[in-house]
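Text of model_19.cif, listed as mmCIF, C-alpha atoms:
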data_coords
#
loop_
_atom_site.label_atom_id
_atom_site.label_comp_id
_atom_site.auth_asym_id
_atom_site.auth_seq_id
_atom_site.Cartn_x
_atom_site.Cartn_y
_atom_site.Cartn_z
CA MET A 605 19.10 -19.12 -14.83
CA VAL A 606 16.24 -21.35 -15.61
CA TYR A 607 13.94 -18.41 -15.79
CA TYR A 608 15.67 -17.10 -18.86
CA VAL A 609 14.18 -19.93 -20.84
CA THR A 610 11.80 -17.87 -22.89
CA ARG A 611 8.21 -18.86 -23.46
CA SER A 612 7.51 -20.13 -26.93
CA ASN A 613 5.05 -18.08 -28.93
CA ARG A 614 2.95 -20.92 -30.22
CA HIS A 615 -0.62 -20.09 -30.91
CA ALA A 616 -3.36 -21.20 -28.57
CA ALA A 617 -4.52 -23.75 -31.16
CA ASP A 618 -1.10 -25.44 -31.08
CA ASP A 619 -1.25 -25.49 -27.28
CA ASP A 620 -4.62 -27.22 -27.44
CA ALA A 621 -3.24 -29.80 -29.85
CA ASP A 622 -0.32 -30.40 -27.47
CA LEU A 623 -2.70 -31.12 -24.63
CA GLY A 624 -3.77 -34.39 -26.25
CA ARG A 625 -0.20 -35.65 -26.55
CA TYR A 626 1.47 -37.92 -24.06
CA SER A 627 5.17 -37.54 -23.37
CA ASP A 628 7.05 -39.85 -21.04
CA PRO A 629 9.85 -41.12 -23.30
CA PRO A 630 10.83 -44.24 -21.30
CA LEU A 631 7.21 -45.36 -21.00
CA LEU A 632 6.61 -44.62 -24.69
CA VAL A 633 9.61 -46.77 -25.64
CA LEU A 634 8.40 -49.60 -23.40
CA ALA A 635 4.90 -49.39 -24.92
CA SER A 636 6.34 -49.36 -28.42
CA LEU A 637 8.22 -52.60 -27.71
CA ALA A 638 5.12 -54.27 -26.26
CA ASP A 639 4.23 -55.97 -29.57
CA GLY A 640 7.76 -57.11 -30.38
CA PRO A 641 11.36 -55.98 -30.92
CA LYS A 642 12.02 -52.76 -32.83
CA HIS A 643 14.98 -50.62 -33.86
CA GLY A 644 15.20 -46.87 -33.26
CA HIS A 645 13.48 -45.50 -36.36
CA LYS A 646 10.62 -47.96 -36.11
CA MET A 647 10.18 -46.98 -32.44
CA ILE A 648 9.98 -43.28 -33.39
CA GLU A 649 7.33 -43.94 -36.03
CA ASP A 650 5.36 -46.24 -33.74
CA ILE A 651 5.49 -43.76 -30.85
CA ALA A 652 4.38 -40.91 -33.13
CA ARG A 653 1.36 -43.00 -34.19
CA MET A 654 0.50 -44.02 -30.61
CA SER A 655 1.01 -40.77 -28.74
CA GLY A 656 1.30 -37.91 -31.22
CA SER A 657 4.80 -37.17 -29.87
CA ARG A 658 7.77 -37.50 -32.21
CA LEU A 659 10.84 -38.19 -30.08
CA GLY A 660 14.14 -36.55 -31.06
CA PRO A 661 17.19 -38.81 -31.52
CA GLY A 662 18.77 -37.66 -28.23
CA THR A 663 15.52 -38.16 -26.33
CA LEU A 664 15.08 -41.66 -27.76
CA TYR A 665 18.60 -42.79 -26.90
CA GLY A 666 18.37 -41.10 -23.48
CA ALA A 667 15.32 -43.27 -22.80
CA ILE A 668 16.94 -46.39 -24.29
CA ALA A 669 20.08 -45.94 -22.17
CA ARG A 670 18.04 -45.47 -19.01
CA LEU A 671 15.78 -48.46 -19.70
CA GLU A 672 18.74 -50.68 -20.51
CA ARG A 673 20.51 -49.58 -17.32
CA GLU A 674 17.40 -50.53 -15.38
CA LYS A 675 17.29 -53.85 -17.26
CA LEU A 676 13.82 -53.16 -18.64
CA ILE A 677 14.91 -53.63 -22.26
CA GLU A 678 17.80 -55.49 -23.90
CA PRO A 679 19.55 -55.23 -27.26
CA LEU A 680 19.32 -57.91 -29.93
CA PRO A 681 22.05 -58.62 -32.51
CA ALA A 682 22.39 -55.86 -35.12
CA GLU A 683 20.67 -56.28 -38.49
CA GLU A 684 22.28 -54.30 -41.33
CA ARG A 685 23.44 -51.46 -39.05
CA ARG A 686 20.09 -51.43 -37.28
CA TYR A 687 20.04 -52.21 -33.58
CA PRO A 688 16.76 -53.67 -32.34
CA TYR A 689 15.68 -53.83 -28.70
CA ARG A 690 13.12 -55.97 -26.90
CA LEU A 691 11.41 -55.91 -23.53
CA THR A 692 12.85 -58.03 -20.73
CA ALA A 693 10.56 -59.95 -18.38
CA LYS A 694 11.05 -57.16 -15.82
CA GLY A 695 10.27 -54.56 -18.50
CA LEU A 696 7.04 -56.35 -19.35
CA ARG A 697 6.01 -56.38 -15.66
CA VAL A 698 6.85 -52.69 -15.22
CA LEU A 699 4.99 -51.75 -18.42
CA ARG A 700 1.89 -53.68 -17.34
CA ALA A 701 1.93 -52.04 -13.91
CA LYS A 702 2.41 -48.53 -15.32
CA LEU A 703 -0.30 -48.92 -17.93
CA ALA A 704 -2.71 -50.35 -15.36
CA THR A 705 -2.06 -47.32 -13.12
CA LEU A 706 -2.60 -44.99 -16.06
CA ARG A 707 -5.84 -46.77 -16.95
CA ARG A 708 -7.14 -46.44 -13.37
CA PHE A 709 -6.11 -42.80 -13.33
CA ALA A 710 -7.72 -42.08 -16.71
CA ARG A 711 -10.95 -43.82 -15.72
CA ALA A 712 -11.16 -41.90 -12.47
CA GLY A 713 -10.48 -38.60 -14.25
CA LEU A 714 -13.04 -39.31 -16.99
CA ARG A 715 -15.66 -40.30 -14.39
CA LYS A 716 -15.16 -36.97 -12.65
CA LEU A 717 -15.50 -35.14 -15.96
CA GLU A 718 -18.69 -37.00 -16.81
CA ALA A 719 -20.15 -36.19 -13.40
CA ARG A 720 -19.89 -32.44 -14.06
CA MET B 1077 22.21 -36.61 -41.53
CA ASN B 1078 25.72 -37.07 -42.88
CA ALA B 1079 28.16 -39.45 -41.22
CA ARG B 1080 30.60 -36.70 -40.20
CA LEU B 1081 27.95 -34.70 -38.35
CA ALA B 1082 26.63 -37.90 -36.76
CA ARG B 1083 30.13 -38.75 -35.52
CA ARG B 1084 30.63 -35.25 -34.12
CA LEU B 1085 27.31 -35.31 -32.33
CA ALA B 1086 27.97 -38.73 -30.82
CA ALA B 1087 31.36 -37.44 -29.64
CA LEU B 1088 29.57 -34.94 -27.37
CA TYR B 1089 28.41 -37.76 -25.07
CA PRO B 1090 30.47 -38.98 -22.10
CA ARG B 1091 33.12 -41.58 -22.84
CA ALA B 1092 31.36 -44.44 -21.05
CA TRP B 1093 28.10 -43.68 -22.89
CA ARG B 1094 29.98 -43.65 -26.20
CA ALA B 1095 31.65 -46.96 -25.42
CA ARG B 1096 28.22 -48.57 -25.27
CA TYR B 1097 26.11 -46.62 -27.78
CA ALA B 1098 28.35 -44.59 -30.16
CA GLU B 1099 28.37 -47.13 -32.99
CA GLU B 1100 24.63 -47.71 -33.12
CA PHE B 1101 23.82 -44.06 -32.34
CA GLU B 1102 25.96 -42.90 -35.28
CA ALA B 1103 24.23 -45.44 -37.53
CA PHE B 1104 20.87 -44.26 -36.23
CA LEU B 1105 21.71 -40.57 -36.78
CA GLY B 1106 23.06 -41.38 -40.25
CA ALA B 1107 19.58 -42.57 -41.25
CA HIS B 1108 17.78 -39.74 -39.43
CA PRO B 1109 16.52 -36.72 -41.41
CA PRO B 1110 18.88 -33.76 -40.86
CA GLY B 1111 17.65 -30.57 -39.23
CA PHE B 1112 18.39 -28.04 -36.50
CA ARG B 1113 15.76 -29.56 -34.25
CA ALA B 1114 17.45 -32.98 -34.27
CA VAL B 1115 20.89 -31.41 -33.74
CA PHE B 1116 19.71 -29.30 -30.77
CA ASN B 1117 17.93 -32.33 -29.34
CA VAL B 1118 21.14 -34.39 -29.45
CA VAL B 1119 23.32 -31.57 -28.09
CA GLY B 1120 20.90 -31.02 -25.20
CA TRP B 1121 20.76 -34.69 -24.32
CA ALA B 1122 24.53 -35.07 -24.59
CA MET B 1123 24.96 -32.24 -22.07
CA TYR B 1124 22.32 -33.81 -19.86
CA GLU B 1125 24.12 -37.18 -19.95
CA ARG B 1126 27.38 -35.48 -19.04
CA VAL B 1127 25.93 -33.57 -16.12
CA SER B 1128 23.39 -36.05 -14.81
CA SER B 1129 25.27 -39.32 -14.93
CA PRO B 1130 28.42 -38.55 -12.98
CA GLY B 1131 27.97 -41.52 -10.72
CA GLU B 1132 27.09 -44.16 -13.26
CA PHE B 1133 30.29 -44.74 -15.15
CA ASN B 1134 33.75 -45.87 -14.12
CA MET B 1135 34.10 -43.96 -10.87
CA ASP B 1136 34.78 -45.11 -7.35
CA GLN B 1137 32.87 -43.72 -4.37
CA ARG B 1138 35.47 -41.04 -3.61
CA GLN B 1139 35.41 -39.70 -7.16
CA ARG B 1140 31.64 -39.90 -7.27
CA SER B 1141 31.14 -37.94 -4.06
CA LEU B 1142 33.63 -35.29 -5.14
CA VAL B 1143 32.04 -34.90 -8.60
CA LEU B 1144 28.59 -34.59 -7.02
CA MET B 1145 29.93 -32.00 -4.58
CA ALA B 1146 31.37 -30.00 -7.48
CA TYR B 1147 28.07 -30.14 -9.37
CA ALA B 1148 26.04 -29.22 -6.30
CA TYR B 1149 28.31 -26.30 -5.50
CA LEU B 1150 28.30 -24.95 -9.07
CA ALA B 1151 24.50 -25.25 -9.20
CA ALA B 1152 24.30 -23.39 -5.87
CA VAL B 1153 26.57 -20.67 -7.27
CA ALA B 1154 24.30 -20.29 -10.33
CA ALA B 1155 21.20 -20.17 -8.11
CA GLY B 1156 22.91 -17.74 -5.72
CA VAL B 1157 23.91 -15.36 -8.52
CA ASN B 1158 20.36 -15.48 -9.85
CA PHE B 1159 18.93 -14.83 -6.37
CA TYR B 1160 21.36 -11.97 -5.76
CA TRP B 1161 20.30 -10.17 -8.91
CA THR B 1162 16.66 -10.78 -8.06
CA VAL B 1163 17.15 -8.72 -4.91
CA ALA B 1164 20.07 -6.31 -5.34
CA ASP B 1165 19.24 -2.75 -6.41
CA THR B 1166 15.49 -3.42 -6.39
CA PRO B 1167 12.80 -1.98 -4.09
CA LEU B 1168 12.73 -5.43 -2.46
CA ALA B 1169 16.23 -4.86 -1.08
CA THR B 1170 15.12 -1.62 0.60
CA ALA B 1171 11.87 -3.15 1.91
CA MET B 1172 13.72 -6.17 3.28
CA HIS B 1173 15.76 -4.03 5.72
CA GLY B 1174 12.55 -2.91 7.44
CA HIS B 1175 11.57 -6.42 8.56
CA SER B 1176 13.95 -8.34 10.79
CA ALA B 1177 12.57 -11.83 10.00
CA TRP B 1178 12.69 -11.14 6.28
CA PHE B 1179 16.25 -9.82 6.52
CA ALA B 1180 17.17 -12.87 8.64
CA SER B 1181 16.21 -15.16 5.73
CA TRP B 1182 18.58 -13.17 3.48
CA THR B 1183 21.30 -13.51 6.13
CA LEU B 1184 20.62 -17.25 6.26
CA VAL B 1185 21.33 -17.54 2.54
CA ARG B 1186 24.53 -15.54 2.95
CA ALA B 1187 25.67 -17.68 5.89
CA GLY B 1188 24.89 -20.84 3.90
CA SER B 1189 26.98 -19.57 0.99
CA PHE B 1190 30.03 -19.01 3.23
CA LEU B 1191 29.61 -22.44 4.82
CA ALA B 1192 29.26 -24.07 1.39
CA LEU B 1193 32.44 -22.34 0.19
CA ALA B 1194 34.28 -23.54 3.31
CA ALA B 1195 33.03 -27.11 2.81
CA VAL B 1196 34.07 -27.18 -0.85
CA ALA B 1197 37.46 -25.69 0.04
CA ALA B 1198 37.95 -28.26 2.83
CA ALA B 1199 37.29 -31.17 0.49
CA GLY B 1200 38.58 -29.66 -2.71
CA LEU B 1201 41.86 -27.97 -1.77
CA PRO B 1202 43.69 -31.05 -0.38
CA VAL B 1203 42.48 -33.09 -3.35
CA LEU B 1204 43.44 -30.32 -5.77
CA ALA B 1205 46.91 -30.05 -4.22
CA ALA B 1206 47.39 -33.83 -4.45
CA MET B 1207 46.12 -33.87 -8.03
CA VAL B 1208 48.44 -31.03 -9.07
CA ARG B 1209 51.43 -32.87 -7.49
CA SER B 1210 50.40 -36.06 -9.30
CA VAL B 1211 49.89 -34.20 -12.60
CA VAL B 1212 53.37 -32.68 -12.42
CA ALA B 1213 54.97 -35.98 -11.41
CA THR B 1214 53.26 -38.05 -14.11
CA ARG B 1215 53.07 -35.25 -16.72
CA ARG B 1216 49.33 -35.78 -17.19
CA TRP B 1217 48.76 -32.51 -19.02
CA ASP B 1218 45.26 -33.59 -20.09
CA VAL B 1219 44.25 -33.55 -16.40
CA ALA B 1220 46.11 -30.26 -15.82
CA GLY B 1221 44.20 -28.68 -18.72
CA ARG B 1222 40.88 -29.76 -17.26
CA LEU B 1223 41.77 -28.51 -13.80
CA ALA B 1224 42.65 -25.14 -15.31
CA VAL B 1225 39.26 -24.67 -16.99
CA PRO B 1226 37.44 -22.99 -14.02
CA ALA B 1227 40.28 -20.50 -13.50
CA CYS B 1228 40.52 -19.82 -17.25
CA ALA B 1229 36.73 -19.36 -17.50
CA ALA B 1230 36.79 -16.89 -14.60
CA LEU B 1231 39.77 -15.06 -16.12
CA VAL B 1232 38.13 -14.79 -19.56
CA THR B 1233 34.92 -13.43 -17.99
CA LEU B 1234 36.82 -10.88 -15.87
CA LEU B 1235 38.99 -9.79 -18.82
CA TRP B 1236 35.85 -9.37 -20.94
CA MET B 1237 34.19 -7.29 -18.22
CA ALA B 1238 37.29 -5.09 -17.84
CA ALA B 1239 37.75 -4.63 -21.61
CA ALA B 1240 34.05 -3.92 -22.23
CA GLY B 1241 33.97 -1.54 -19.25
CA MET B 1242 36.95 0.39 -20.60
CA TRP B 1243 35.43 0.48 -24.08
CA ALA B 1244 32.18 1.83 -22.60
CA GLY B 1245 33.97 4.78 -21.01
CA GLY B 1246 35.33 3.36 -17.76
CA HIS B 1247 32.38 4.34 -15.51
CA TRP B 1248 30.46 1.09 -15.78
CA ILE B 1249 31.28 -2.63 -15.92
CA PRO B 1250 28.99 -5.16 -17.68
CA THR B 1251 28.02 -7.47 -14.82
CA PRO B 1252 25.77 -10.46 -15.61
CA TRP B 1253 22.89 -8.96 -13.64
CA ASP B 1254 22.81 -5.78 -15.75
CA VAL B 1255 20.51 -7.72 -18.10
CA THR B 1256 17.81 -7.81 -15.45
CA GLY B 1257 16.88 -4.18 -14.90
CA ASN B 1258 16.61 -0.81 -16.59
CA TRP B 1259 17.17 1.33 -13.52
CA THR B 1260 18.14 4.96 -13.95
CA ALA B 1261 21.75 5.17 -14.99
CA PRO B 1262 24.18 7.65 -13.42
CA ALA B 1263 25.98 10.08 -15.71
CA GLY B 1264 28.73 8.49 -17.76
CA TRP B 1265 27.05 5.11 -18.16
CA PRO B 1266 26.40 3.92 -21.74
CA PRO B 1267 22.83 3.75 -23.08
CA LEU B 1268 20.55 0.92 -21.95
CA THR B 1269 20.79 -1.03 -25.23
CA THR B 1270 24.59 -1.02 -25.07
CA ARG B 1271 24.49 -2.11 -21.42
CA TRP B 1272 22.13 -4.97 -22.24
CA MET B 1273 24.23 -6.08 -25.22
CA LEU B 1274 27.51 -6.10 -23.32
CA SER B 1275 26.09 -7.64 -20.16
CA SER B 1276 24.38 -10.38 -22.22
CA VAL B 1277 27.86 -11.46 -23.32
CA THR B 1278 28.99 -11.52 -19.66
CA PHE B 1279 25.90 -13.54 -18.79
CA ALA B 1280 26.61 -16.04 -21.59
CA LEU B 1281 30.28 -16.29 -20.55
CA LEU B 1282 29.26 -16.93 -16.93
CA ALA B 1283 26.77 -19.66 -17.93
CA ALA B 1284 29.21 -21.30 -20.36
CA GLY B 1285 32.01 -21.05 -17.77
CA LEU B 1286 29.93 -22.77 -15.09
CA ILE B 1287 28.91 -25.61 -17.43
CA ALA B 1288 32.46 -26.05 -18.82
CA SER B 1289 33.87 -26.00 -15.27
CA ALA B 1290 31.41 -28.67 -14.11
CA ILE B 1291 32.27 -30.96 -17.04
CA SER B 1292 36.04 -30.46 -16.94
CA VAL B 1293 36.35 -30.78 -13.15
CA ALA B 1294 34.33 -34.01 -13.29
CA GLN B 1295 36.61 -35.33 -16.04
CA ALA B 1296 39.75 -34.37 -14.07
CA ILE B 1297 38.43 -36.08 -10.93
CA ARG B 1298 37.51 -39.19 -12.92
CA ARG B 1299 41.07 -39.38 -14.28
CA GLY B 1300 42.67 -38.83 -10.86
CA ASP B 1301 43.56 -41.35 -8.18
CA LEU B 1302 41.88 -40.45 -4.89
CA SER B 1303 42.32 -43.83 -3.22
CA LYS B 1304 44.91 -42.46 -0.77
CA HIS B 1305 42.55 -39.81 0.62
CA ARG B 1306 40.87 -40.71 3.88
CA ARG B 1307 37.12 -41.15 4.15
CA LEU B 1308 36.78 -38.29 6.61
CA TRP B 1309 38.10 -35.82 4.02
CA PHE B 1310 35.06 -36.54 1.88
CA ALA B 1311 32.39 -37.44 4.41
CA ALA B 1312 32.59 -34.35 6.66
CA PRO B 1313 32.77 -31.68 3.90
CA SER B 1314 30.10 -33.37 1.79
CA LEU B 1315 27.76 -33.45 4.78
CA ALA B 1316 28.57 -29.80 5.50
CA LEU B 1317 27.95 -28.90 1.86
CA ALA B 1318 24.61 -30.73 1.78
CA GLY B 1319 23.61 -28.98 5.02
CA SER B 1320 24.69 -25.54 3.86
CA VAL B 1321 23.01 -25.82 0.44
CA ALA B 1322 19.84 -27.00 2.19
CA VAL B 1323 20.08 -23.97 4.51
CA MET B 1324 20.43 -21.70 1.47
CA ALA B 1325 17.41 -23.35 -0.15
CA LEU B 1326 15.37 -22.89 3.03
CA GLY B 1327 16.53 -19.27 3.30
CA VAL B 1328 15.45 -18.53 -0.28
CA LEU B 1329 12.07 -20.20 0.24
CA ALA B 1330 11.51 -18.22 3.45
CA TRP B 1331 12.67 -15.02 1.73
CA GLY B 1332 10.00 -15.50 -0.96
CA TRP B 1333 7.32 -16.11 1.66
CA PHE B 1334 8.24 -12.87 3.47
CA ALA B 1335 8.39 -10.97 0.16
CA GLU B 1336 4.86 -12.14 -0.56
CA GLN B 1337 3.72 -10.96 2.90
CA TYR B 1338 5.46 -7.58 3.04
CA ALA B 1339 5.99 -6.41 -0.55
CA ALA B 1340 3.73 -8.43 -2.83
CA SER B 1341 3.37 -5.73 -5.50
CA ASP B 1342 7.17 -5.31 -5.88
CA PHE B 1343 7.60 -9.08 -5.75
CA HIS B 1344 5.23 -9.60 -8.68
CA ALA B 1345 6.35 -6.55 -10.64
CA ARG B 1346 8.24 -6.95 -13.89
CA ASN B 1347 11.90 -6.14 -13.39
CA GLY B 1348 12.14 -4.21 -16.65
CA GLY B 1349 15.18 -6.17 -17.78
CA LEU B 1350 16.08 -7.64 -21.13
CA PHE B 1351 13.92 -10.70 -20.47
CA SER B 1352 11.08 -8.69 -18.93
CA SER B 1353 10.50 -11.27 -16.23
CA THR B 1354 8.94 -10.79 -12.80
CA ASN B 1355 10.94 -10.88 -9.58
CA PHE B 1356 8.66 -13.73 -8.51
CA ALA B 1357 9.62 -15.83 -11.56
CA SER B 1358 13.30 -15.14 -10.93
CA TRP B 1359 12.90 -16.15 -7.27
CA GLY B 1360 11.08 -19.33 -8.36
CA ALA B 1361 13.97 -20.22 -10.67
CA SER B 1362 16.45 -19.72 -7.83
CA CYS B 1363 14.35 -22.00 -5.58
CA ALA B 1364 14.23 -24.70 -8.25
CA VAL B 1365 18.00 -24.62 -8.81
CA PHE B 1366 18.76 -24.48 -5.06
CA LEU B 1367 16.51 -27.50 -4.44
CA THR B 1368 18.21 -29.37 -7.30
CA ALA B 1369 21.62 -28.46 -5.83
CA THR B 1370 20.42 -29.78 -2.45
CA LEU B 1371 19.37 -33.10 -3.97
CA ILE B 1372 22.73 -33.46 -5.75
CA ALA B 1373 24.61 -32.53 -2.55
CA VAL B 1374 22.62 -35.11 -0.56
CA ARG B 1375 23.51 -37.73 -3.18
CA GLY B 1376 27.16 -36.72 -2.81
CA ALA B 1377 26.95 -36.99 0.98
CA ARG B 1378 25.38 -40.44 0.67
CA SER B 1379 28.17 -41.51 -1.67
CA ALA B 1380 30.76 -40.25 0.80
CA SER B 1381 29.10 -41.94 3.74
CA ALA B 1382 29.07 -45.22 1.77
CA LEU B 1383 32.89 -45.06 1.66
CA GLY B 1384 33.02 -46.94 4.95
CA SER B 1385 31.48 -49.97 3.26
CA GLU B 1386 33.90 -50.01 0.33
#
Using the file provided, produce a representation of the structure as structure tokens.
Amino acid sequence: MVYYVTRSNRHAADDDADLGRYSDPPLLVLASLADGPKHGHKMIEDIARMSGSRLGPGTLYGAIARLEREKLIEPLPAEERRYPYRLTAKGLRVLRAKLATLRRFARAGLRKLEAR
Amino acid sequence: MNARLARRLAALYPRAWRARYAEEFEAFLGAHPPGFRAVFNVVGWAMYERVSSPGEFNMDQRQRSLVLMAYAYLAAVAAGVNFYWTVADTPLATAMHGHSAWFASWTLVRAGSFLALAAVAAAGLPVLAAMVRSVVATRRWDVAGRLAVPACAALVTLLWMAAAGMWAGGHWIPTPWDVTGNWTAPAGWPPLTTRWMLSSVTFALLAAGLIASAISVAQAIRRGDLSKHRRLWFAAPSLALAGSVAVMALGVLAWGWFAEQYAASDFHARNGGLFSSTNFASWGASCAVFLTATLIAVRGARSASALGSE
């Protein structure tokens, strides 16, 4: 039934703009928390600035739930009905490792492009 | 977004998820700008949480393996229906009969489907019988209602097909796969647009019925007590199911390879249906869903085999 998902009719220009975006919600949430605790709305704004992707509310909480289950982030006490999260030590290690891999990958890819 | 809508959206998530996140999620949604995009995003993720996290919350190994078996089987049914309508009544079906190896891959899928049905029946029927006895004894009508959902969904779909068929003159029935082709209609069939409209409803009922069945059966199993059932009742059928779904997945992959070898032009032709897709795309979708079903079934088998260490 998957094949009945119809193709969107975005223009080619929109597709090109999409190419520059990065979308891996759990990693985006981890990266957003790298400079300190944040609540949901602040994470969305921060992620939009960093990656060009604006996460939907379900996507954000899907990522938060997964990261908390894996003990990569943890909740802090609520502040006026806002619920901030912060990275755990394990989350920090995982984020460092993932970003280092991405950096190596990006460098290698860019080198290949430059060699053309 | 207003508080009422936020509450309703949060209520779509599984109970265990709500126990942890409902309060803050409702507060978060309350401060989120309203819009269809946000609503669809939440609805989609709520469904995903319900379907993809059967093993994470408040279930023992028996319940987990049974829920995963149910999901794997329903996914295999969806993939099988899609594969059937990719082949049936197309030139590929005729071409397939001229090549024994190609036809053997089709037979492999059919054999896998019978084996999968037998495995699900072997695990499911004793559990179902025990659950029905327990429901009657304890008057747990909430569980009874959930167990009845698959039968009700099938009944509604069949009644719709019968009623729409009668309305359309009695010579044709709107099957879900009527949306996929515009083959020449025999005398007495309604026009193509009518056939597409009516069969789209059947298609939607089938899809909704499969999703509702998966969710309600999982909820019924979660509420039931399976501790008295022996390990073997779960381990053997779940292994058989994983094996048979894997056989079906292999059969479908092989079928596509043979189609590419022997009838590439028909394989890549548009099927002329409502969605104007190619047979190749439809086959690819079946492969993806069969492989997903295999992964879920293997997870179920692993859960069942872990029963010995409980």
On this structure, the PyMOL selection byres ((chain B) within 9 of (chain A)) would catch which residues? List them as a PDB file with C-alpha atoms, in the coordinates of the input, sorted by chain and number.
ATOM      1  CA  TRP B1093      28.100 -43.680 -22.890  1.00  0.00           C
ATOM      2  CA  TYR B1097      26.110 -46.620 -27.780  1.00  0.00           C
ATOM      3  CA  GLU B1099      28.370 -47.130 -32.990  1.00  0.00           C
ATOM      4  CA  GLU B1100      24.630 -47.710 -33.120  1.00  0.00           C
ATOM      5  CA  PHE B1101      23.820 -44.060 -32.340  1.00  0.00           C
ATOM      6  CA  ALA B1103      24.230 -45.440 -37.530  1.00  0.00           C
ATOM      7  CA  PHE B1104      20.870 -44.260 -36.230  1.00  0.00           C
ATOM      8  CA  LEU B1105      21.710 -40.570 -36.780  1.00  0.00           C
ATOM      9  CA  ALA B1107      19.580 -42.570 -41.250  1.00  0.00           C
ATOM     10  CA  HIS B1108      17.780 -39.740 -39.430  1.00  0.00           C
ATOM     11  CA  ARG B1113      15.760 -29.560 -34.250  1.00  0.00           C
ATOM     12  CA  ALA B1114      17.450 -32.980 -34.270  1.00  0.00           C
ATOM     13  CA  VAL B1115      20.890 -31.410 -33.740  1.00  0.00           C
ATOM     14  CA  PHE B1116      19.710 -29.300 -30.770  1.00  0.00           C
ATOM     15  CA  ASN B1117      17.930 -32.330 -29.340  1.00  0.00           C
ATOM     16  CA  VAL B1118      21.140 -34.390 -29.450  1.00  0.00           C
ATOM     17  CA  VAL B1119      23.320 -31.570 -28.090  1.00  0.00           C
ATOM     18  CA  GLY B1120      20.900 -31.020 -25.200  1.00  0.00           C
ATOM     19  CA  TRP B1121      20.760 -34.690 -24.320  1.00  0.00           C
ATOM     20  CA  ALA B1122      24.530 -35.070 -24.590  1.00  0.00           C
ATOM     21  CA  GLU B1125      24.120 -37.180 -19.950  1.00  0.00           C
ATOM     22  CA  ALA B1154      24.300 -20.290 -10.330  1.00  0.00           C
ATOM     23  CA  ALA B1155      21.200 -20.170  -8.110  1.00  0.00           C
ATOM     24  CA  VAL B1157      23.910 -15.360  -8.520  1.00  0.00           C
ATOM     25  CA  ASN B1158      20.360 -15.480  -9.850  1.00  0.00           C
ATOM     26  CA  ALA B1283      26.770 -19.660 -17.930  1.00  0.00           C
ATOM     27  CA  PHE B1351      13.920 -10.700 -20.470  1.00  0.00           C
ATOM     28  CA  SER B1353      10.500 -11.270 -16.230  1.00  0.00           C
ATOM     29  CA  ALA B1357       9.620 -15.830 -11.560  1.00  0.00           C
ATOM     30  CA  SER B1358      13.300 -15.140 -10.930  1.00  0.00           C
ATOM     31  CA  TRP B1359      12.900 -16.150  -7.270  1.00  0.00           C
ATOM     32  CA  GLY B1360      11.080 -19.330  -8.360  1.00  0.00           C
ATOM     33  CA  ALA B1361      13.970 -20.220 -10.670  1.00  0.00           C
ATOM     34  CA  SER B1362      16.450 -19.720  -7.830  1.00  0.00           C
ATOM     35  CA  ALA B1364      14.230 -24.700  -8.250  1.00  0.00           C
ATOM     36  CA  VAL B1365      18.000 -24.620  -8.810  1.00  0.00           C
TER      37      VAL B1365
END
Given the file above and the PyMOL selection byres ((chain B and resi 1168-1179) around 8), which residues are selected, and can you give them as a PDB file with C-alpha atoms, in the coordinates of the input?
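Wrote selection.pdb, looks like this:
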ATOM      1  CA  VAL B1163      17.150  -8.720  -4.910  1.00  0.00           C
ATOM      2  CA  ALA B1164      20.070  -6.310  -5.340  1.00  0.00           C
ATOM      3  CA  ASP B1165      19.240  -2.750  -6.410  1.00  0.00           C
ATOM      4  CA  THR B1166      15.490  -3.420  -6.390  1.00  0.00           C
ATOM      5  CA  PRO B1167      12.800  -1.980  -4.090  1.00  0.00           C
ATOM      6  CA  ALA B1180      17.170 -12.870   8.640  1.00  0.00           C
ATOM      7  CA  SER B1181      16.210 -15.160   5.730  1.00  0.00           C
ATOM      8  CA  TRP B1182      18.580 -13.170   3.480  1.00  0.00           C
ATOM      9  CA  THR B1183      21.300 -13.510   6.130  1.00  0.00           C
ATOM     10  CA  ALA B1330      11.510 -18.220   3.450  1.00  0.00           C
ATOM     11  CA  TRP B1331      12.670 -15.020   1.730  1.00  0.00           C
ATOM     12  CA  PHE B1334       8.240 -12.870   3.470  1.00  0.00           C
ATOM     13  CA  ALA B1335       8.390 -10.970   0.160  1.00  0.00           C
ATOM     14  CA  TYR B1338       5.460  -7.580   3.040  1.00  0.00           C
ATOM     15  CA  ALA B1339       5.990  -6.410  -0.550  1.00  0.00           C
ATOM     16  CA  ASP B1342       7.170  -5.310  -5.880  1.00  0.00           C
ATOM     17  CA  PHE B1343       7.600  -9.080  -5.750  1.00  0.00           C
TER      18      PHE B1343
END
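Using only C-alpha atoms for every distance, the candidate list B:Ala1244, B:Gly1300, B:Thr1251, B:Met1237 yields B:Gly1300 as the residue closest to B:Met1207.
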Excluding B:Ala1197 and residues on its chain fewer than 2 positions from it, collect all residues at most 12 Å away from it, counting only C-alpha atoms, and give them as number ranges by chain. B: 1142, 1145-1146, 1149, 1190-1195, 1199-1205, 1309-1310, 1312-1314, 1316-1317
Could you list, as JSON, numbers by chain, every residue within 10 Å of A:Leu703, counting all atoms listed in the file and ignoring same-chain residues fewer than 6 positions away? {"A": [631, 635, 709]}
For the file shown, report as a PyMOL selection string the outcome of the PyMOL selection byres ((chain B and resi 1344) around 6) at residue level. chain B and resi 1341-1343+1345+1354-1356
Contacts of B:Trp1265 at 9 Å or less, counting all atoms listed in the file, minus same-chain residues fewer than 4 places along, as a list of chain:residue names?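 Returned residues: B:Ala1244, B:Gly1245, B:Gly1246, B:His1247, B:Trp1248, B:Ala1261, B:Arg1271.
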